[in-house]
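**Q** This structure is in structure tokens; I'll ask about it shortly.
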Amino acid sequence: MMRMNFVRSIFLAVVLAGSGLISCVDHAADNEAEIEQARLDSIVQADTDNDLIDAYIADAANGIDESQVVIGDNGVRYIVWNPATTARVPDFKEIVSVHYVGKFLSNEIFDTTNASRAKDSDSLNYVSEGIVFDNLLAASEKSYEELLDSLNASTGAISDPVFSLTRTYIPMVFNHTRDGSGINFQFISGFKTGLRDVMLKMELNSTALIMIPSAVAYGTIGTVNSDGTESIPPNTPLLFEFSLVNIRP
């Protein structure tokens, strides 16, 4: 199983830079203690992330051939399924469209541009809680999408539902550049790094998976929903599936 000891130093650099600990301060002793603690914490977290991603790759149910996994920048690992067999990968400066699915290492989906994946994810979660959609649909005048949306908005809905009728599910469109600068700056750095790298090997209808250590995901902070509840916990490695659906000059 591949091990990435160099991720420790990457994780440390990201953590220290993000926390503002790399700076000139008057209280040198206190600052050195904070930096040392951050270094120790980053080593532990980098090892934990590596172990979790290693286990995900090793799980046969996830369908990953370890020999095909590539280590990119900042410890982001990726695999491209049905990679390009022709020269028709996106050229730099071309506009490309991709669907993405964001997942935890449990394969639970937390975000996607694909409406079908969002609906399937929520439906399966309701089924796992004993709700039979066919029975609900038979007793309702709502469409499948309307019923799912109303359930997601109701008291007692599943945690962090993905599908919403108010969201427009369209592919993400960006300018494919050599340095990844065409990808919206609001995306986490591991997402941008991984997407840039897999584009070099994808043709239309190719799919890819990137595996992101927490240091280049949402780090020690995580994310919260609009109601203040936790969405992505701190120190959480993430997965993103990509499918390339369009290339245009």
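Following the order of the structure tokens, first chain is A, next is B, and so on, with residues numbered from 1 inside each chain and ligands from 1 in the order they appear.
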So which residues of region 52-216 of chain A fall under strand (DSSP E or B) by DSSP, listed as a PyMOL selection string?
**A** chain A and resi 70-71+77-81+95-103+109-112+172-175+207-212
**Q** Would you export the selected residues with N, CA and C atoms as a PDB file, in the first residue's frame, please?
**A**
ATOM      1  N   VAL A  70      -2.661   7.510  -8.875  1.00  0.00           N
ATOM      2  CA  VAL A  70      -1.545   8.447  -9.040  1.00  0.00           C
ATOM      3  C   VAL A  70      -1.543   9.417  -7.865  1.00  0.00           C
ATOM      4  N   ILE A  71      -0.347   9.760  -7.389  1.00  0.00           N
ATOM      5  CA  ILE A  71      -0.203  10.767  -6.339  1.00  0.00           C
ATOM      6  C   ILE A  71       0.128  12.092  -6.995  1.00  0.00           C
ATOM      7  N   ARG A  77      -4.617  12.125  -4.267  1.00  0.00           N
ATOM      8  CA  ARG A  77      -4.499  10.922  -5.096  1.00  0.00           C
ATOM      9  C   ARG A  77      -5.667  10.854  -6.060  1.00  0.00           C
ATOM     10  N   TYR A  78      -5.430  10.263  -7.225  1.00  0.00           N
ATOM     11  CA  TYR A  78      -6.519  10.178  -8.194  1.00  0.00           C
ATOM     12  C   TYR A  78      -6.383   8.947  -9.085  1.00  0.00           C
ATOM     13  N   ILE A  79      -7.512   8.566  -9.659  1.00  0.00           N
ATOM     14  CA  ILE A  79      -7.561   7.495 -10.641  1.00  0.00           C
ATOM     15  C   ILE A  79      -8.541   7.899 -11.726  1.00  0.00           C
ATOM     16  N   VAL A  80      -8.179   7.645 -12.969  1.00  0.00           N
ATOM     17  CA  VAL A  80      -9.061   7.927 -14.104  1.00  0.00           C
ATOM     18  C   VAL A  80      -9.527   6.596 -14.671  1.00  0.00           C
ATOM     19  N   TRP A  81     -10.847   6.397 -14.678  1.00  0.00           N
ATOM     20  CA  TRP A  81     -11.413   5.216 -15.301  1.00  0.00           C
ATOM     21  C   TRP A  81     -11.649   5.502 -16.778  1.00  0.00           C
ATOM     22  N   ILE A  95     -12.835  25.316 -22.997  1.00  0.00           N
ATOM     23  CA  ILE A  95     -13.866  25.342 -21.970  1.00  0.00           C
ATOM     24  C   ILE A  95     -14.412  23.928 -21.816  1.00  0.00           C
ATOM     25  N   VAL A  96     -14.396  23.425 -20.618  1.00  0.00           N
ATOM     26  CA  VAL A  96     -14.869  22.065 -20.367  1.00  0.00           C
ATOM     27  C   VAL A  96     -16.012  22.084 -19.354  1.00  0.00           C
ATOM     28  N   SER A  97     -16.864  21.070 -19.448  1.00  0.00           N
ATOM     29  CA  SER A  97     -17.984  20.917 -18.526  1.00  0.00           C
ATOM     30  C   SER A  97     -17.868  19.561 -17.847  1.00  0.00           C
ATOM     31  N   VAL A  98     -17.979  19.559 -16.534  1.00  0.00           N
ATOM     32  CA  VAL A  98     -17.914  18.307 -15.784  1.00  0.00           C
ATOM     33  C   VAL A  98     -19.050  18.262 -14.769  1.00  0.00           C
ATOM     34  N   HIS A  99     -19.565  17.063 -14.551  1.00  0.00           N
ATOM     35  CA  HIS A  99     -20.413  16.828 -13.399  1.00  0.00           C
ATOM     36  C   HIS A  99     -19.506  16.329 -12.279  1.00  0.00           C
ATOM     37  N   TYR A 100     -19.812  16.731 -11.055  1.00  0.00           N
ATOM     38  CA  TYR A 100     -19.051  16.201  -9.933  1.00  0.00           C
ATOM     39  C   TYR A 100     -19.985  15.687  -8.851  1.00  0.00           C
ATOM     40  N   VAL A 101     -19.455  14.750  -8.063  1.00  0.00           N
ATOM     41  CA  VAL A 101     -20.150  14.219  -6.893  1.00  0.00           C
ATOM     42  C   VAL A 101     -19.169  14.250  -5.735  1.00  0.00           C
ATOM     43  N   GLY A 102     -19.480  15.008  -4.690  1.00  0.00           N
ATOM     44  CA  GLY A 102     -18.633  15.072  -3.503  1.00  0.00           C
ATOM     45  C   GLY A 102     -19.097  14.051  -2.480  1.00  0.00           C
ATOM     46  N   LYS A 103     -18.149  13.262  -1.953  1.00  0.00           N
ATOM     47  CA  LYS A 103     -18.512  12.187  -1.032  1.00  0.00           C
ATOM     48  C   LYS A 103     -17.536  12.136   0.141  1.00  0.00           C
ATOM     49  N   ILE A 109     -22.935  10.875  -0.088  1.00  0.00           N
ATOM     50  CA  ILE A 109     -22.830  12.073  -0.906  1.00  0.00           C
ATOM     51  C   ILE A 109     -23.202  13.312  -0.086  1.00  0.00           C
ATOM     52  N   PHE A 110     -22.394  14.362  -0.197  1.00  0.00           N
ATOM     53  CA  PHE A 110     -22.734  15.616   0.472  1.00  0.00           C
ATOM     54  C   PHE A 110     -23.002  16.746  -0.514  1.00  0.00           C
ATOM     55  N   ASP A 111     -22.628  16.570  -1.780  1.00  0.00           N
ATOM     56  CA  ASP A 111     -22.887  17.608  -2.784  1.00  0.00           C
ATOM     57  C   ASP A 111     -22.728  17.003  -4.169  1.00  0.00           C
ATOM     58  N   THR A 112     -23.506  17.497  -5.122  1.00  0.00           N
ATOM     59  CA  THR A 112     -23.360  17.039  -6.507  1.00  0.00           C
ATOM     60  C   THR A 112     -24.035  18.009  -7.456  1.00  0.00           C
ATOM     61  N   MET A 172     -20.531  21.771 -13.967  1.00  0.00           N
ATOM     62  CA  MET A 172     -19.600  22.850 -13.666  1.00  0.00           C
ATOM     63  C   MET A 172     -18.799  23.158 -14.932  1.00  0.00           C
ATOM     64  N   VAL A 173     -18.703  24.426 -15.299  1.00  0.00           N
ATOM     65  CA  VAL A 173     -18.011  24.844 -16.519  1.00  0.00           C
ATOM     66  C   VAL A 173     -16.796  25.684 -16.124  1.00  0.00           C
ATOM     67  N   PHE A 174     -15.652  25.382 -16.716  1.00  0.00           N
ATOM     68  CA  PHE A 174     -14.453  26.161 -16.392  1.00  0.00           C
ATOM     69  C   PHE A 174     -13.473  26.149 -17.547  1.00  0.00           C
ATOM     70  N   ASN A 175     -12.536  27.076 -17.499  1.00  0.00           N
ATOM     71  CA  ASN A 175     -11.477  27.189 -18.494  1.00  0.00           C
ATOM     72  C   ASN A 175     -10.319  26.293 -18.062  1.00  0.00           C
ATOM     73  N   THR A 207     -14.483   9.048 -16.629  1.00  0.00           N
ATOM     74  CA  THR A 207     -14.792   9.358 -15.235  1.00  0.00           C
ATOM     75  C   THR A 207     -13.517   9.254 -14.412  1.00  0.00           C
ATOM     76  N   ALA A 208     -13.479   9.980 -13.315  1.00  0.00           N
ATOM     77  CA  ALA A 208     -12.290  10.001 -12.473  1.00  0.00           C
ATOM     78  C   ALA A 208     -12.704  10.172 -11.021  1.00  0.00           C
ATOM     79  N   LEU A 209     -11.802   9.813 -10.133  1.00  0.00           N
ATOM     80  CA  LEU A 209     -12.011   9.972  -8.701  1.00  0.00           C
ATOM     81  C   LEU A 209     -10.766  10.597  -8.099  1.00  0.00           C
ATOM     82  N   ILE A 210     -10.951  11.659  -7.304  1.00  0.00           N
ATOM     83  CA  ILE A 210      -9.827  12.220  -6.560  1.00  0.00           C
ATOM     84  C   ILE A 210     -10.068  12.014  -5.075  1.00  0.00           C
ATOM     85  N   MET A 211      -8.984  11.803  -4.346  1.00  0.00           N
ATOM     86  CA  MET A 211      -9.018  11.540  -2.908  1.00  0.00           C
ATOM     87  C   MET A 211      -8.179  12.606  -2.220  1.00  0.00           C
ATOM     88  N   ILE A 212      -8.816  13.424  -1.387  1.00  0.00           N
ATOM     89  CA  ILE A 212      -8.210  14.657  -0.891  1.00  0.00           C
ATOM     90  C   ILE A 212      -7.934  14.578   0.615  1.00  0.00           C
TER      91      ILE A 212
END
**Q** Find the residues around Asp134 (chain A) up to 12 Å (only C-alpha atoms counted), leave out those fewer than 6 positions away in its own chain, and share them as a PDB file with N, CA, C and O atoms, in the first residue's frame.
**A**
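Writing done, so here's selection.pdb:
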ATOM      1  N   SER A 123     -33.094   9.248  -1.693  1.00  0.00           N
ATOM      2  CA  SER A 123     -34.073   8.158  -1.700  1.00  0.00           C
ATOM      3  C   SER A 123     -33.551   6.955  -0.932  1.00  0.00           C
ATOM      4  O   SER A 123     -34.266   6.360  -0.114  1.00  0.00           O
ATOM      5  N   VAL A 127     -35.098   5.162   2.366  1.00  0.00           N
ATOM      6  CA  VAL A 127     -35.408   3.733   2.367  1.00  0.00           C
ATOM      7  C   VAL A 127     -34.726   3.041   3.540  1.00  0.00           C
ATOM      8  O   VAL A 127     -35.313   2.169   4.197  1.00  0.00           O
ATOM      9  N   SER A 140     -50.091  10.252  -2.732  1.00  0.00           N
ATOM     10  CA  SER A 140     -49.820  11.667  -2.920  1.00  0.00           C
ATOM     11  C   SER A 140     -50.101  12.087  -4.356  1.00  0.00           C
ATOM     12  O   SER A 140     -50.070  11.268  -5.278  1.00  0.00           O
ATOM     13  N   LYS A 142     -48.213  14.428  -5.605  1.00  0.00           N
ATOM     14  CA  LYS A 142     -46.931  15.042  -5.966  1.00  0.00           C
ATOM     15  C   LYS A 142     -46.159  14.163  -6.937  1.00  0.00           C
ATOM     16  O   LYS A 142     -46.341  12.942  -6.986  1.00  0.00           O
ATOM     17  N   SER A 143     -45.281  14.792  -7.699  1.00  0.00           N
ATOM     18  CA  SER A 143     -44.328  14.034  -8.503  1.00  0.00           C
ATOM     19  C   SER A 143     -43.259  13.477  -7.577  1.00  0.00           C
ATOM     20  O   SER A 143     -43.173  13.850  -6.395  1.00  0.00           O
ATOM     21  N   TYR A 144     -42.447  12.572  -8.111  1.00  0.00           N
ATOM     22  CA  TYR A 144     -41.359  11.991  -7.307  1.00  0.00           C
ATOM     23  C   TYR A 144     -40.469  13.092  -6.751  1.00  0.00           C
ATOM     24  O   TYR A 144     -40.127  13.099  -5.562  1.00  0.00           O
ATOM     25  N   LEU A 147     -42.241  15.181  -4.065  1.00  0.00           N
ATOM     26  CA  LEU A 147     -42.363  14.432  -2.821  1.00  0.00           C
ATOM     27  C   LEU A 147     -41.032  14.408  -2.074  1.00  0.00           C
ATOM     28  O   LEU A 147     -40.978  14.646  -0.858  1.00  0.00           O
ATOM     29  N   LEU A 148     -39.959  14.136  -2.807  1.00  0.00           N
ATOM     30  CA  LEU A 148     -38.636  14.092  -2.179  1.00  0.00           C
ATOM     31  C   LEU A 148     -38.278  15.450  -1.597  1.00  0.00           C
ATOM     32  O   LEU A 148     -37.772  15.548  -0.471  1.00  0.00           O
TER      33      LEU A 148
END
**Q** I'd like the contact shell of Val76 (chain A) - 10 Å cut-off, only C-alpha atoms, skipping same-chain residues fewer than 4 positions apart - returned as a list in words.
**A**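 Listed by chain and then number, they are Val7, Val70, Ile71, Gly72, Ser189, Gly190, Phe191, Thr193, Gly194, Asp197, Ile210, Met211, Ile212, Pro213, Ser214, Val216, Ala217, Pro237, Leu238 and Leu239 of chain A.
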**Q** Extract the full set of alpha helix (DSSP H) residues from region 19-102 of chain A according to DSSP on the backbone, and format it as a PyMOL selection string.
**A** chain A and resi 19+28-58
**Q** Could you tell me how far CA of Gly130 (chain A) sits from CA of Pro233 (chain A), in Å to one decimal place?
**A**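 Separation of CA of Pro233 (chain A) and CA of Gly130 (chain A): 26.6 Å.
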**Q** Which residues are close to Ile57 (chain A), i.e. within 10 Å by only C-alpha atoms, leaving aside same-chain residues fewer than 3 positions away? Reply as a list of chain:residue names.
**A** A:Met1, A:Met2, A:Asp51, A:Leu52, A:Ile53, A:Asp54, A:Ala60, A:Ala61, A:Asn62, A:Gly63, A:Ile64, A:Asp65, A:Glu66, A:Val69, A:Leu105, A:Met211
**Q** How about saving the chosen residues, N, CA and C atoms kept, as a CSV table (one decimal), in the first residue's frame?
**A**
chain,number,residue,atom,x,y,z
A,1,MET,N,0.9,-1.2,0.0
A,1,MET,CA,0.0,0.0,0.0
A,1,MET,C,0.9,1.2,0.0
A,2,MET,N,0.6,2.2,-0.9
A,2,MET,CA,1.4,3.4,-1.0
A,2,MET,C,1.3,4.2,0.3
A,51,ASP,N,-4.0,6.7,6.3
A,51,ASP,CA,-4.5,5.4,6.7
A,51,ASP,C,-6.0,5.2,6.2
A,52,LEU,N,-6.8,6.3,6.3
A,52,LEU,CA,-8.2,6.2,5.9
A,52,LEU,C,-8.3,6.1,4.4
A,53,ILE,N,-7.5,6.9,3.7
A,53,ILE,CA,-7.5,6.8,2.2
A,53,ILE,C,-6.9,5.5,1.7
A,54,ASP,N,-5.9,5.0,2.4
A,54,ASP,CA,-5.3,3.6,2.0
A,54,ASP,C,-6.4,2.6,2.2
A,60,ALA,N,-12.3,-3.6,-1.7
A,60,ALA,CA,-12.6,-4.1,-3.1
A,60,ALA,C,-14.0,-3.6,-3.5
A,61,ALA,N,-14.9,-3.3,-2.6
A,61,ALA,CA,-16.2,-2.8,-3.0
A,61,ALA,C,-16.1,-1.4,-3.7
A,62,ASN,N,-15.0,-0.7,-3.6
A,62,ASN,CA,-14.9,0.6,-4.2
A,62,ASN,C,-14.3,0.5,-5.6
A,63,GLY,N,-13.9,-0.7,-6.0
A,63,GLY,CA,-13.5,-0.9,-7.4
A,63,GLY,C,-12.3,-0.1,-7.9
A,64,ILE,N,-11.3,0.0,-7.0
A,64,ILE,CA,-10.1,0.8,-7.3
A,64,ILE,C,-8.9,-0.2,-7.5
A,65,ASP,N,-8.2,0.0,-8.6
A,65,ASP,CA,-7.0,-0.8,-8.9
A,65,ASP,C,-5.9,0.1,-8.3
A,66,GLU,N,-5.3,-0.3,-7.2
A,66,GLU,CA,-4.2,0.5,-6.6
A,66,GLU,C,-3.1,0.8,-7.5
A,69,VAL,N,-3.6,4.1,-9.3
A,69,VAL,CA,-3.7,5.4,-8.5
A,69,VAL,C,-2.5,6.2,-8.6
A,105,LEU,N,-15.6,9.4,2.8
A,105,LEU,CA,-15.0,8.0,2.6
A,105,LEU,C,-16.0,6.9,2.9
A,211,MET,N,-9.0,11.8,-4.3
A,211,MET,CA,-9.0,11.5,-2.9
A,211,MET,C,-8.2,12.6,-2.2
**Q** Here is a test: counting only C-alpha atoms, which residue of A:Asn205, A:Asn152, A:Asn125, A:Thr113 is nearest to Tyr169 (chain A)?
**A**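 Of all the options, A:Thr113 lies closest to Tyr169 (chain A).
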**Q** Using only C-alpha atoms, can you tell me which of A:Gln45, A:Ser159, A:Asn246, A:Gln186 comes closest to Ser231 (chain A)?
**A** A:Ser159
**Q** Could you check the closest approach to Ser164 (chain A) for each of A:Arg178, A:Arg196, A:Arg117, A:Lys201 and tell me which residue wins, using only C-alpha atoms?
**A**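 Among the listed residues, A:Arg117 lies closest to Ser164 (chain A).
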